[in-house]
Amino acid sequence: MERINIAVFGGSGRCIAYAARELKSDVSIRVFFDNDKSKAGQLVKKGYQYVDGSKVYVPYDNIPIDTPEHFRNYEFDYAVILAGSRYEIRDQLLGFGIAPEKIIVYDRIISSGMVHVPDMREAFSLDMLLSQAEKNGISSGRYKKEAENLLNVCQKLFKNSYRLHVLEIFITALAAGIEQKTFEYRGVKLDYRLFTKNPGLFLYESSDIFMDVIDEEMERIEYIEGPYHFGAVTVGEDDIVFDIGANYGLFSAVAAGKAKRGCVYAFEPVEETRRILERTAGLYSNIVVEPYAVSDSCGKNRINVSNYNSNPGAASIMNVNSGSETEEIETITLDRFVEMNHISKIDFIKADIEGAERLLLAGAGEVLRKFAPKLAVCTYHYPEDPALLSFMIKQANPNYVIEKAYGKLYAYVNK
């Protein structure tokens, strides 16, 4: 196999160890670039380094460290950025005259000098993304082609499959958005508007959720909030699933595919979000959309939608104040919903409702006692959540086994 020659930006011990862990063995490193001029002239030697608490053997020997403005002294096919301030460094390398197609930002979502992938901190629609590319002379078709080229190169360079899957998801969603067709990935179908509304949010959420579909042992450190399956807490083929805080329906779609003989109740109170959720639900025969905020009481309430444009998933009934932009919604308890709809079993509850998980549990005592569903509940919204939510679950049903990992609580009863 032909060796690929690369320059790596990141001359710290951590970045060197990271390169050893992430790059394939048939990749040849010509130089480590570093903006710290005091490192220039040093040589990387074989030996052990530590990265993310793991001991990594560095096989490289006598590889020089140099400052990036001397890039013309080295022949390389690609410049891979492993250091912090990744996008600032990308712009720096572009400024030095390195061709954009040669630059690869190895982040949790891989990018390049030609393919800009917005992150969660940006309120970025697909139209804005493609408009920005157009200003740089890149049409939507070429942008997609360059993203596919980037994936092809990264498959040759890197061992780590997690980031490659996220890039693959991005390309699949990009094609669906440009062509305005249904997004389909590994058996999961979604309305393309989930991506076009906010690509950064879509990738932020899907990089966790789609790991359930890929079903591999991923590097768990890469998860942002963690998967919704863990140990005994998984969706079965006959399960009745409650997706509380369904948002655009990413988890609902994954759960509907797993619960082929079951049903998913997708709860989403915000009207604009629910419109997109309903489009995705229309692609399945076993998703039922419910317009309620699940809480500790039934009636009317207001939900804070102040941050809707940047993050539709941030709507909350917990932080409403006089300065908030709000929307009137209807609340219901889980116990009352089950009684009203004559539901005979619940097998799995996923809850991500921006801190209102405690209200959900306060109104679900009978459900937890009678049905003992598997639970995947977010615990990162308030510092007391892990302890408080565990207490509330145990108080309702002391038979629950509770495990905590990532930003979630996973609970089940041995039956």
# chains A, B, ... in the order shown; residues from 1 in each chain; ligands from 1
>>> select_by_dssp(residues="range 103-327 of chain A", states="strand (DSSP E)", output="ChimeraX atom specification")
/A:103-105,111-112,183-185,188-190,240-244,263-267,287-290,292-294,299-304,326-327
>>> residues_around(residues="Glu366 in chain A", least_positions_apart="3", cutoff="10 Å", atoms="only C-alpha atoms", output="MDAnalysis selection string")
chainID A and resid 334:336 338 361:363 369:372 396:397
>>> write_last_selection(atoms="C-alpha atoms", output="PDB file, in the first residue's frame")
ATOM      1  CA  LEU A 334     -47.288  10.517  33.116  1.00  0.00           C
ATOM      2  CA  ASP A 335     -49.696   8.759  35.483  1.00  0.00           C
ATOM      3  CA  ARG A 336     -52.638  10.759  34.106  1.00  0.00           C
ATOM      4  CA  VAL A 338     -51.438   6.465  30.959  1.00  0.00           C
ATOM      5  CA  LEU A 361     -40.678  11.640  38.111  1.00  0.00           C
ATOM      6  CA  ALA A 362     -42.898  13.416  40.655  1.00  0.00           C
ATOM      7  CA  GLY A 363     -45.875  12.762  38.366  1.00  0.00           C
ATOM      8  CA  ARG A 369     -44.479   1.115  40.601  1.00  0.00           C
ATOM      9  CA  LYS A 370     -46.823  -0.679  38.202  1.00  0.00           C
ATOM     10  CA  PHE A 371     -44.763  -0.994  34.988  1.00  0.00           C
ATOM     11  CA  ALA A 372     -41.140  -0.580  36.198  1.00  0.00           C
ATOM     12  CA  ALA A 396     -41.373   5.229  43.876  1.00  0.00           C
ATOM     13  CA  ASN A 397     -40.007   1.707  43.354  1.00  0.00           C
TER      14      ASN A 397
END
>>> residues_around(residues="Leu277 in chain A", least_positions_apart="6", cutoff="8 Å", atoms="only C-alpha atoms", output="PyMOL selection string")
chain A and resi 246-249+289
>>> closest_residue(among="A:Ala7, A:Ala255, A:Ile303, A:Met114", to="Ile287 in chain A", atoms="only C-alpha atoms")
A:Ala255
>>> residues_around(residues="range 234-240 of chain A", least_positions_apart="5", cutoff="8 Å", atoms="only C-alpha atoms", output="list in words")
Tyr228, His229, Ala255, Lys258, Ala259, Lys260, Arg261, Gly262, Cys263, Val264, Tyr265, Lys345, Ile346, Asp347, Phe348 and Lys374 of chain A
